[in-house]
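File shown: coords35.cif. Contents: mmCIF, C-alpha atoms and all ligand atoms.
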```
data_protein
loop_
_atom_site.label_atom_id
_atom_site.label_comp_id
_atom_site.auth_asym_id
_atom_site.auth_seq_id
_atom_site.Cartn_x
_atom_site.Cartn_y
_atom_site.Cartn_z
CA MET A 93 0.00 0.00 0.00
CA ASN A 94 2.76 2.37 0.86
CA GLU A 95 4.38 1.96 -2.53
CA VAL A 96 1.07 2.52 -4.27
CA ARG A 97 0.19 5.72 -2.48
CA PRO A 98 2.71 8.09 -4.09
CA GLN A 99 1.55 6.86 -7.46
CA LEU A 100 -2.05 7.56 -6.54
CA ASP A 101 -1.13 11.08 -5.45
CA GLU A 102 0.55 11.48 -8.78
CA LEU A 103 -2.40 9.95 -10.63
CA LEU A 104 -5.26 11.79 -8.93
CA PHE A 105 -3.78 15.14 -7.94
CA SER A 106 -0.73 15.51 -10.15
CA SER A 107 -1.17 19.26 -10.60
CA VAL A 108 -1.88 19.86 -6.92
CA GLU A 109 0.69 20.21 -4.19
CA GLY A 110 0.15 19.45 -0.52
CA VAL A 111 -2.44 16.71 -0.86
CA SER A 112 -1.85 13.11 0.12
CA VAL A 113 -4.18 10.33 -0.93
CA GLU A 114 -5.00 8.02 1.96
CA SER A 115 -7.17 5.45 0.23
CA VAL A 116 -9.09 4.78 -2.96
CA LYS A 117 -12.13 2.50 -2.94
CA VAL A 118 -14.02 1.52 -6.05
CA THR A 119 -17.61 0.42 -5.45
CA GLY A 120 -19.98 -0.03 -8.37
CA THR A 121 -20.10 3.28 -10.20
CA ILE A 122 -18.29 5.31 -7.56
CA VAL A 123 -14.62 5.92 -6.88
CA ARG A 124 -14.20 7.09 -3.30
CA VAL A 125 -10.95 8.93 -2.65
CA GLU A 126 -9.88 9.84 0.84
CA ALA A 127 -7.22 12.51 0.99
CA ARG A 128 -5.79 15.03 3.39
CA THR A 129 -3.79 18.17 3.17
CA THR A 130 -0.14 18.05 4.16
CA ALA A 131 1.09 21.66 4.18
CA MET A 132 2.63 22.73 7.46
CA ARG A 133 1.35 26.28 7.25
CA ALA A 134 -1.31 28.31 5.48
CA ALA A 135 -1.74 31.98 4.67
CA CYS A 136 -4.63 33.86 6.24
CA PRO A 137 -6.90 35.29 3.54
CA GLY A 138 -7.64 38.29 5.77
CA CYS A 139 -4.17 39.60 6.56
CA GLY A 140 -1.87 37.39 4.51
CA CYS A 141 0.10 36.21 7.53
CA TRP A 142 1.28 32.64 7.56
CA SER A 143 0.17 30.47 10.44
CA GLY A 144 1.04 26.95 11.56
CA ARG A 145 -1.33 26.79 14.53
CA ILE A 146 -4.02 24.25 13.79
CA HIS A 147 -7.43 24.97 15.23
CA GLY A 148 -9.13 21.82 14.01
CA SER A 149 -9.97 19.87 10.91
CA TYR A 150 -13.06 18.91 8.95
CA LEU A 151 -14.09 17.02 5.82
CA ARG A 152 -14.83 18.65 2.54
CA ILE A 153 -16.47 16.62 -0.20
CA PRO A 154 -16.06 18.54 -3.43
CA ARG A 155 -17.41 16.99 -6.62
CA ASP A 156 -14.68 16.02 -9.02
CA LEU A 157 -14.40 15.11 -12.68
CA PRO A 158 -15.48 11.52 -13.36
CA ALA A 159 -12.70 8.98 -13.91
CA ALA A 160 -12.99 5.98 -16.22
CA GLY A 161 -16.73 6.52 -16.42
CA LYS A 162 -17.22 6.46 -12.63
CA PHE A 163 -18.20 9.26 -10.32
CA VAL A 164 -15.32 10.44 -8.20
CA VAL A 165 -16.10 11.39 -4.62
CA VAL A 166 -13.22 13.10 -2.88
CA SER A 167 -13.27 13.18 0.91
CA LEU A 168 -10.68 15.80 1.65
CA ARG A 169 -9.68 16.47 5.21
CA VAL A 170 -8.69 20.12 5.51
CA ARG A 171 -7.69 22.10 8.54
CA ARG A 172 -8.66 25.33 10.13
CA PHE A 173 -5.78 27.50 11.33
CA VAL A 174 -5.62 30.16 13.99
CA CYS A 175 -4.46 33.48 12.56
CA ALA A 176 -1.17 34.56 14.07
CA GLU A 177 -1.90 38.27 13.69
CA ASP A 178 -3.70 39.62 16.75
CA SER A 179 -5.18 42.61 14.93
CA CYS A 180 -6.64 40.42 12.15
CA PRO A 181 -10.45 40.34 12.28
CA ARG A 182 -10.42 36.68 11.27
CA LYS A 183 -9.54 34.65 14.31
CA THR A 184 -9.38 31.42 12.36
CA PHE A 185 -9.38 30.50 8.70
CA ALA A 186 -9.74 27.36 6.61
CA GLU A 187 -6.91 26.36 4.32
CA GLN A 188 -7.48 26.16 0.58
CA VAL A 189 -5.56 23.91 -1.77
CA ALA A 190 -4.49 25.89 -4.79
CA GLY A 191 -5.77 24.22 -7.93
CA LEU A 192 -8.18 22.00 -5.99
CA THR A 193 -10.51 23.98 -3.73
CA ARG A 194 -11.74 27.50 -3.29
CA ARG A 195 -13.70 29.16 -0.52
CA PHE A 196 -17.30 27.91 -0.45
CA GLY A 197 -16.62 25.95 -3.65
CA ARG A 198 -18.54 22.70 -3.93
CA ARG A 199 -16.52 21.44 -6.89
CA THR A 200 -12.87 20.76 -7.48
CA GLU A 201 -11.18 23.41 -9.59
CA ARG A 202 -10.70 21.04 -12.51
CA LEU A 203 -14.40 20.17 -12.59
CA ARG A 204 -15.20 23.84 -12.34
CA SER A 205 -12.98 24.77 -15.26
CA ALA A 206 -14.36 21.91 -17.36
CA LEU A 207 -17.89 23.17 -16.70
CA VAL A 208 -16.86 26.73 -17.49
CA SER A 209 -15.45 25.58 -20.84
CA VAL A 210 -18.69 23.78 -21.65
CA GLY A 211 -20.70 26.83 -20.60
CA LEU A 212 -18.63 29.20 -22.70
CA ALA A 213 -18.90 26.96 -25.75
CA LEU A 214 -22.55 25.96 -25.50
CA ALA A 215 -24.23 28.24 -22.93
CA GLY A 216 -27.06 27.09 -20.70
CA ARG A 217 -29.42 24.60 -22.24
CA ALA A 218 -27.11 22.82 -24.67
CA GLY A 219 -24.29 22.93 -22.16
CA ALA A 220 -26.40 21.29 -19.46
CA ARG A 221 -27.23 18.45 -21.85
CA MET A 222 -23.54 18.02 -22.61
CA THR A 223 -22.57 17.84 -18.93
CA ASP A 224 -25.09 14.99 -18.66
CA VAL A 225 -23.20 13.17 -21.39
CA PHE A 226 -19.84 13.30 -19.70
CA GLY A 227 -21.13 12.38 -16.29
CA SER A 228 -21.15 15.64 -14.32
CA PRO A 229 -24.72 16.81 -14.75
CA VAL A 230 -25.44 20.39 -13.70
CA SER A 231 -28.41 22.63 -14.45
CA ARG A 232 -28.28 25.31 -17.12
CA ASN A 233 -28.58 27.94 -14.40
CA THR A 234 -25.47 26.59 -12.71
CA LEU A 235 -23.57 26.86 -15.99
CA LEU A 236 -24.73 30.42 -16.49
CA ARG A 237 -23.80 31.32 -12.92
CA LEU A 238 -20.33 29.89 -13.43
CA ILE A 239 -19.88 32.03 -16.53
CA THR A 240 -21.18 35.23 -14.97
CA SER A 241 -18.86 34.76 -12.01
CA LEU A 242 -15.84 34.73 -14.31
CA PRO A 243 -13.77 37.88 -14.13
CA ASP A 244 -14.13 40.13 -17.16
CA PRO A 245 -11.21 39.75 -19.55
CA PRO A 246 -8.87 42.72 -19.30
CA ILE A 247 -9.48 45.24 -22.07
CA ALA A 248 -6.77 47.48 -23.39
CA THR A 249 -7.89 51.02 -24.19
CA PRO A 250 -8.82 50.99 -27.87
CA ARG A 251 -7.23 53.39 -30.32
CA VAL A 252 -10.32 53.61 -32.53
CA VAL A 253 -13.63 53.30 -30.76
CA GLY A 254 -16.98 52.92 -32.50
CA VAL A 255 -20.08 54.33 -30.82
CA ASP A 256 -23.55 53.22 -31.80
CA GLU A 257 -26.89 52.64 -30.23
CA TYR A 258 -28.52 49.32 -29.46
CA ALA A 259 -32.10 48.56 -28.63
CA GLN A 260 -33.55 46.62 -25.76
CA ARG A 261 -37.13 45.51 -25.27
CA LYS A 262 -38.03 45.74 -28.94
CA GLY A 263 -36.77 49.25 -29.36
CA ARG A 264 -38.34 50.78 -26.28
CA ILE A 265 -35.07 51.26 -24.47
CA TYR A 266 -31.89 52.42 -26.17
CA GLY A 267 -28.39 52.06 -24.89
CA THR A 268 -24.93 52.66 -26.30
CA VAL A 269 -22.57 49.97 -27.50
CA LEU A 270 -18.86 50.69 -27.71
CA VAL A 271 -16.77 48.70 -30.15
CA ASP A 272 -13.05 48.44 -30.66
CA VAL A 273 -13.05 49.12 -34.38
CA GLU A 274 -9.61 47.59 -34.92
CA THR A 275 -10.39 44.25 -33.27
CA ARG A 276 -14.10 44.48 -34.16
CA ARG A 277 -15.04 43.38 -30.67
CA PRO A 278 -17.63 45.07 -28.49
CA ILE A 279 -15.99 46.51 -25.39
CA ASP A 280 -18.74 47.93 -23.27
CA LEU A 281 -22.41 48.70 -23.02
CA LEU A 282 -23.75 51.93 -21.60
CA PRO A 283 -27.28 51.91 -20.17
CA ASP A 284 -28.47 54.96 -22.13
CA ARG A 285 -27.47 57.19 -25.02
CA GLU A 286 -26.81 60.37 -23.14
CA ALA A 287 -23.93 62.68 -23.95
CA ASP A 288 -22.87 62.71 -20.29
CA THR A 289 -22.58 58.94 -20.02
CA LEU A 290 -20.52 58.69 -23.17
CA ALA A 291 -18.33 61.63 -22.18
CA ALA A 292 -17.60 60.04 -18.80
CA TRP A 293 -16.71 56.72 -20.42
CA LEU A 294 -14.38 58.35 -22.95
CA ALA A 295 -12.76 60.57 -20.33
CA GLU A 296 -11.61 57.48 -18.43
CA ARG A 297 -9.71 56.33 -21.51
CA PRO A 298 -7.45 59.14 -22.65
CA GLY A 299 -5.65 56.94 -25.21
CA ILE A 300 -8.50 57.02 -27.70
CA GLU A 301 -7.46 58.65 -30.97
CA ILE A 302 -10.50 58.24 -33.20
CA VAL A 303 -14.20 58.15 -32.33
CA CYS A 304 -16.32 56.64 -35.03
CA ARG A 305 -19.98 57.55 -34.62
CA ASP A 306 -23.27 58.28 -36.31
CA ARG A 307 -24.56 61.81 -36.56
CA ALA A 308 -26.78 61.81 -33.50
CA PRO A 309 -26.27 65.05 -31.55
CA PHE A 310 -25.87 63.30 -28.18
CA TYR A 311 -22.94 61.27 -29.47
CA ALA A 312 -21.35 64.29 -31.10
CA GLU A 313 -21.55 66.22 -27.85
CA GLY A 314 -20.42 63.28 -25.72
CA ALA A 315 -17.41 62.62 -27.93
CA THR A 316 -16.39 66.28 -28.01
CA ARG A 317 -16.54 66.60 -24.25
CA GLY A 318 -15.18 63.17 -23.31
CA ALA A 319 -12.41 62.85 -25.87
CA PRO A 320 -11.46 66.32 -27.08
CA GLN A 321 -8.13 64.90 -28.31
CA ALA A 322 -9.81 62.41 -30.63
CA LEU A 323 -10.73 62.80 -34.26
CA GLN A 324 -14.42 62.22 -34.88
CA VAL A 325 -15.46 60.43 -38.02
CA ALA A 326 -18.80 59.27 -39.32
CA ASP A 327 -18.97 55.52 -39.58
CA ARG A 328 -19.10 53.86 -42.95
CA TRP A 329 -22.60 52.46 -42.66
CA HIS A 330 -24.09 55.85 -41.89
CA LEU A 331 -22.13 57.51 -44.68
CA TRP A 332 -23.44 55.00 -47.18
CA HIS A 333 -26.93 55.20 -45.78
CA ASN A 334 -27.08 58.99 -45.90
CA LEU A 335 -25.51 59.12 -49.34
CA GLY A 336 -28.04 56.58 -50.58
CA GLU A 337 -30.95 58.56 -49.18
CA ALA A 338 -29.73 61.84 -50.59
CA ALA A 339 -29.06 60.30 -53.99
CA GLU A 340 -32.49 58.71 -54.15
CA LYS A 341 -34.21 61.97 -53.23
CA CYS A 342 -32.27 63.79 -55.91
CA VAL A 343 -32.88 61.17 -58.60
CA TYR A 344 -36.54 61.07 -57.68
CA ARG A 345 -36.88 64.81 -58.11
CA HIS A 346 -35.40 64.51 -61.60
CA ARG A 347 -37.21 61.33 -62.59
CA GLY A 348 -38.91 63.22 -65.42
CA CYS A 349 -35.52 63.52 -67.13
CA LEU A 350 -35.08 59.74 -67.24
CA ARG A 351 -35.59 58.45 -70.75
CA PRO A 352 -36.06 54.87 -71.72
CA VAL A 353 -32.95 53.26 -73.13
CA PRO A 354 -33.52 52.83 -76.87
CA ALA A 355 -33.47 49.18 -77.91
CA PRO A 356 -30.60 48.13 -80.15
CA PRO A 357 -31.86 48.69 -83.70
CA ASP A 358 -31.07 45.23 -85.10
CA GLU A 359 -32.94 43.43 -82.33
CA PRO A 360 -36.62 43.10 -83.14
CA GLN A 361 -38.72 45.10 -80.74
CA GLU A 362 -40.23 42.83 -78.13
CA GLN A 363 -43.88 42.48 -79.05
CA GLU A 364 -46.41 43.02 -76.36
CA GLU A 365 -48.09 40.02 -74.83
CA ALA A 366 -50.82 38.71 -77.04
CA GLU A 367 -53.59 41.14 -76.30
CA PRO A 368 -56.89 39.41 -75.61
CA THR A 369 -59.78 40.38 -77.82
CA ALA A 370 -60.23 44.07 -77.58
CA SER A 371 -63.68 43.70 -76.15
CA SER A 372 -62.46 41.41 -73.41
CA PRO A 373 -63.39 42.56 -69.95
CA TRP A 374 -60.73 40.28 -68.57
CA PRO A 375 -57.62 41.78 -67.25
CA THR A 376 -54.50 40.18 -68.65
CA GLY A 377 -52.00 38.92 -66.21
CA HIS A 378 -54.57 38.20 -63.57
CA ARG A 379 -53.75 34.79 -62.21
CA PHE A 380 -57.31 33.55 -62.03
CA ALA A 381 -58.06 34.76 -65.52
CA GLU A 382 -54.95 33.12 -66.92
CA ARG A 383 -55.82 29.87 -65.18
CA THR A 384 -59.31 29.90 -66.60
CA ARG A 385 -57.94 30.55 -70.08
CA ALA A 386 -55.54 27.64 -69.75
CA LYS A 387 -58.26 25.35 -68.44
CA HIS A 388 -60.55 26.34 -71.28
CA ALA A 389 -57.88 25.59 -73.85
CA THR A 390 -57.06 22.20 -72.31
CA ILE A 391 -60.68 21.07 -72.09
CA HIS A 392 -61.44 22.13 -75.65
CA ALA A 393 -58.29 20.42 -76.92
CA LEU A 394 -59.35 17.14 -75.29
CA LEU A 395 -62.90 17.36 -76.61
CA THR A 396 -61.71 18.24 -80.12
CA ALA A 397 -59.39 15.24 -79.98
CA GLY A 398 -62.44 13.04 -79.49
CA HIS A 399 -62.47 12.41 -75.74
CA SER A 400 -65.83 12.24 -74.07
CA LYS A 401 -66.76 14.85 -71.53
CA ARG A 402 -66.79 12.23 -68.80
CA SER A 403 -63.31 11.08 -69.81
CA ALA A 404 -62.02 14.66 -69.89
CA ALA A 405 -63.42 15.19 -66.41
CA ARG A 406 -61.64 12.08 -65.16
CA GLN A 407 -58.35 12.93 -66.82
CA LEU A 408 -58.30 16.49 -65.56
CA GLY A 409 -59.64 15.69 -62.12
CA MET A 410 -62.57 18.08 -62.57
CA THR A 411 -66.25 17.59 -62.02
CA LEU A 412 -68.43 16.86 -65.01
CA ASN A 413 -70.28 20.10 -64.35
CA THR A 414 -67.09 22.10 -64.78
CA ILE A 415 -66.35 20.34 -68.07
CA LEU A 416 -69.89 21.04 -69.30
CA ARG A 417 -69.64 24.69 -68.33
CA PHE A 418 -66.31 25.10 -70.11
CA SER A 419 -67.39 23.12 -73.17
CA ARG A 420 -70.41 25.37 -73.66
CA ALA A 421 -68.22 28.44 -73.84
CA THR A 422 -66.56 28.84 -77.21
CA THR A 423 -64.15 31.43 -75.81
CA PRO A 424 -62.91 31.69 -72.24
CA GLU A 425 -64.29 35.21 -72.09
CA GLU A 426 -67.80 33.81 -72.18
CA LEU A 427 -67.15 32.25 -68.79
CA PHE A 428 -66.79 35.71 -67.48
CA THR A 429 -69.86 36.36 -65.40
CA GLY A 430 -69.30 39.82 -64.12
CA GLN A 431 -66.92 39.37 -61.25
CA TRP A 432 -64.26 41.22 -63.19
CA GLN A 433 -66.35 44.23 -63.95
CA SER A 434 -65.06 46.70 -61.48
CA ARG A 435 -67.60 48.70 -59.62
CA ALA A 436 -67.21 52.42 -59.82
CA THR A 437 -64.79 53.49 -57.09
CA LYS A 438 -63.29 56.70 -55.93
CA LEU A 439 -60.06 55.44 -57.41
CA ASP A 440 -61.46 55.55 -60.97
CA ALA A 441 -60.80 59.26 -61.35
CA TYR A 442 -57.14 58.67 -60.52
CA LYS A 443 -56.61 55.60 -62.66
CA PRO A 444 -55.44 57.48 -65.75
CA TYR A 445 -52.84 59.23 -63.60
CA LEU A 446 -51.77 55.96 -61.98
CA ASP A 447 -51.50 54.32 -65.41
CA GLN A 448 -49.39 57.16 -66.66
CA ARG A 449 -47.09 57.05 -63.65
CA TRP A 450 -46.81 53.29 -64.06
CA GLN A 451 -45.74 53.82 -67.65
CA GLU A 452 -43.18 56.32 -66.43
CA GLY A 453 -41.73 53.59 -64.28
CA CYS A 454 -43.08 54.32 -60.84
CA THR A 455 -44.03 50.88 -59.56
CA ASN A 456 -44.12 51.71 -55.88
CA ALA A 457 -47.77 51.50 -54.77
CA TRP A 458 -47.10 53.47 -51.59
CA LYS A 459 -45.50 56.30 -53.51
CA LEU A 460 -48.38 56.31 -55.97
CA TRP A 461 -50.87 56.45 -53.13
CA GLU A 462 -49.02 59.37 -51.58
CA GLU A 463 -49.06 61.18 -54.91
CA ILE A 464 -52.78 60.84 -55.53
CA LYS A 465 -53.51 61.57 -51.90
CA GLU A 466 -51.97 64.96 -52.50
CA GLN A 467 -54.32 65.36 -55.43
CA GLY A 468 -57.28 64.69 -53.16
CA TYR A 469 -57.79 60.94 -53.20
CA PRO A 470 -59.65 60.35 -49.97
CA ASP A 471 -59.20 56.63 -49.34
CA GLY A 472 -56.51 54.43 -47.88
CA TYR A 473 -53.52 52.69 -49.32
CA GLY A 474 -55.22 49.29 -49.72
CA ASN A 475 -57.21 50.11 -52.85
CA VAL A 476 -54.18 51.58 -54.58
CA ARG A 477 -52.13 48.52 -53.71
CA ASN A 478 -54.85 46.25 -55.07
CA TYR A 479 -55.13 48.26 -58.26
CA VAL A 480 -51.38 48.18 -58.75
CA SER A 481 -51.03 44.47 -58.08
CA ARG A 482 -54.20 43.38 -59.93
CA SER A 483 -54.33 45.68 -62.87
CA LEU A 484 -51.08 47.50 -63.43
CA ARG A 485 -48.76 44.57 -62.79
CA GLY A 486 -50.86 42.52 -65.19
CA LYS A 487 -50.81 45.24 -67.83
CA PRO A 488 -48.59 44.62 -70.77
CA GLN A 489 -45.38 46.47 -70.34
CA PRO A 490 -45.41 49.94 -71.77
CA VAL A 491 -44.54 49.93 -75.44
CA GLY A 492 -40.79 49.93 -75.73
CA PRO A 493 -38.45 49.75 -72.77
CA ARG A 494 -39.36 51.67 -69.64
CA PRO A 495 -37.14 54.35 -68.25
CA PRO A 496 -35.11 53.05 -65.34
CA SER A 497 -36.72 53.53 -61.95
CA ALA A 498 -35.41 56.11 -59.52
CA ARG A 499 -34.37 53.33 -57.20
CA ALA A 500 -32.41 51.54 -59.91
CA VAL A 501 -30.58 54.75 -60.81
CA THR A 502 -29.79 55.32 -57.15
CA ARG A 503 -28.36 51.84 -56.90
CA TRP A 504 -26.06 52.55 -59.88
ZN ZN B 1 -5.32 36.98 9.52
#
```

As structure tokens - that is how I would like this structure written.
Ligand SMILES: [Zn+2]
Amino acid sequence: MNEVRPQLDELLFSSVEGVSVESVKVTGTIVRVEARTTAMRAACPGCGCWSGRIHGSYLRIPRDLPAAGKFVVVSLRVRRFVCAEDSCPRKTFAEQVAGLTRRFGRRTERLRSALVSVGLALAGRAGARMTDVFGSPVSRNTLLRLITSLPDPPIATPRVVGVDEYAQRKGRIYGTVLVDVETRRPIDLLPDREADTLAAWLAERPGIEIVCRDRAPFYAEGATRGAPQALQVADRWHLWHNLGEAAEKCVYRHRGCLRPVPAPPDEPQEQEEAEPTASSPWPTGHRFAERTRAKHATIHALLTAGHSKRSAARQLGMTLNTILRFSRATTPEELFTGQWQSRATKLDAYKPYLDQRWQEGCTNAWKLWEEIKEQGYPDGYGNVRNYVSRSLRGKPQPVGPRPPSARAVTRW
């Protein structure tokens, strides 16, 4: 036994000094390790003085990492020392084994760091499932607690700091996020977007050379006061965004100047979609209308080819009544029973204008609605949207190519 013990110390607590393994018992799924501390002295956590006066001893049973698929239960006898310093408020203190225990810790340090790694990689729910797999089950809340108790990683003062807002609670609360632009990592969150808060944060970090921000006045003021030494620049996203908006406004104002691109002369001009009979009340391009046309053509083709109406019904998966109704109509337009005839609406007076704007290339229903609203159209957006999607979208394209839309020009 005596020859085995040093090897067990080495095996079980190789990275830990001052622990001696007394016995190891394996029963079923449990490895029971009895160990004790061996250091002669310990440092008081209150005053730092070393003491060798033992007050008493007690057992600690920290959970450990499993070994060879078995739970490991460590019974560690630790001692309580009497502090040698009279003025120290702690009269006694318990010893801790560096790398094995910590104050109030219920796990060995190696189990703790394994759980922390799992928590950092997988967070609560998935992490908890994973700890089940490797035999040290803990709840997701425990994992999250372990992570939140980690000390924050030290952050060097950034040279270039990005300032932007972030939203909480679906945009009801705004805070400020600070990003190290060079490492692209967020550094800090401020609870609001006040100039004072930002100024205070910047003032604590005099090494900042560039503040990258949007054009909100509170950030401008905060940066000027908090980091007067720093150069302030507008961040790229906002520059692009503002440029885009300004360009679109400008292009839109001059949309009348946009001319359609003439088609190359050798290419035959794209003919309009086959226009239905001029008298047709059916809108082209309407999905239902197109479907009915197709159905009509299919049914008549089958009947002309000599199939019976019953057989056509079976083949097409339609009722006999449908086949009869379609077969009676020599043209699909005859099936039209009035549902396409639009009732007179307040929109009618504006339809010529809408058609004209559509031809000019304005395909944005909202914009169209806003335009006719200015002209006195009293109703809501819905009717305009329906008209655009039902009638205008179905309309054959304007003869010849359309002028490019304001949005397309802006994108160029
Ligand atoms: Zn002390």

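Counting all atoms listed in the file and comparing A:Thr268, A:Ser179, A:Ser112, A:Thr121, the residue that lies closest to ligand ZN 1 (chain B) is A:Ser179.
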
#### Entry: Which of A:Leu282, A:Leu270, A:Leu157, A:Leu192 sits closest to Leu207 of chain A [using only C-alpha atoms]
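Smallest distance to Leu207 of chain A is found for A:Leu157.
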
#### Entry: 9 Å contact set for Cys141 of chain A, all atoms listed in the file, chain neighbours under 5 positions out, as a ChimeraX atom specification
/A:134-136,175-177

#### Entry: Contact residues around segment 440-457 of chain A with all atoms listed in the file at 6 Å, ignoring same-chain residues under 3 positions, as a PyMOL selection string
chain A and resi 437+460+477+490+497

### Task
Using all atoms listed in the file, pick whichever of A:Thr200, A:Ser143, A:Gln260, A:Thr316 has the shortest atom-to-atom distance to ligand ZN 1 (chain B).
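Going through A:Thr200, A:Ser143, A:Gln260, A:Thr316 one by one, the smallest distance to ligand ZN 1 (chain B) is for A:Ser143.
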
### Query
Excluding same-chain residues fewer than 2 positions from segment 413-425 of chain A, what lies within 6 Å of it counting only C-alpha atoms, as a PyMOL selection string?
chain A and resi 385+388+411+427-428

Would you save the residues of that selection, restricted to C-alpha atoms, as a PDB file, in the coordinates of the input?
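Saved to result_20.pdb:
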```
ATOM      1  CA  ARG A 385     -57.940  30.550 -70.080  1.00  0.00           C
ATOM      2  CA  HIS A 388     -60.550  26.340 -71.280  1.00  0.00           C
ATOM      3  CA  THR A 411     -66.250  17.590 -62.020  1.00  0.00           C
ATOM      4  CA  LEU A 427     -67.150  32.250 -68.790  1.00  0.00           C
ATOM      5  CA  PHE A 428     -66.790  35.710 -67.480  1.00  0.00           C
TER       6      PHE A 428
END
```

### Query
Please, which residues are within 12 Å of (-12.9, 66.4, -21.8) by the file's coordinates, counting only C-alpha atoms, and could they come as a PyMOL selection string?
chain A and resi 287-288+290-298+300+313-322

### Message
I want to know what sits within 7 Å of Arg199 of chain A, based on only C-alpha atoms, with residues of the same chain fewer than 6 positions away left out; could you give that as an MDAnalysis selection string?
### Response
chainID A and resid 154:156

### Query
Taking only C-alpha atoms into account, which of A:Tyr479, A:Ser107, A:His330, A:Val113 comes nearest Glu201 of chain A?
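Distance minimum relative to Glu201 of chain A lands on A:Ser107.
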
#### Entry: Nearest residue to Pro250 of chain A from the set A:Cys304, A:Lys262, A:Ala220, A:Glu426 (distances using only C-alpha atoms)
A:Cys304

### Task
May I ask which of the residues A:Glu463, A:Glu257, A:Asp178, A:Asp244 is the closest one to ligand ZN 1 (chain B), counting only C-alpha atoms and all ligand atoms?
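Residue with the minimum atom-to-atom distance to ligand ZN 1 (chain B): A:Asp178.
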
### Distance query Ala159 of chain A at most 12 Å, all atoms listed in the file, self and fewer than 6 positions along chain excluded, as a PyMOL selection string
chain A and resi 103-104+118+121-125+165-166+203+226-228

### Query
What is the distance between atom CA of Arg276 of chain A and atom CA of Ile247 of chain A, in Å to one decimal?
13.0 Å

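Taking atom CA of Gln324 of chain A as the reference point, atom CA of Gly299 of chain A is found at 14.1 Å.
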
### Polymer residues at most 12 Å from (-12.5, 44.0, -19.1) by all atoms listed in the file, as a PyMOL selection string
chain A and resi 242-250+277-281

### Query
For the atom pair atom CA of Leu335 of chain A and atom CA of Thr275 of chain A, what is the interatomic distance in Å to one decimal place?
26.6 Å
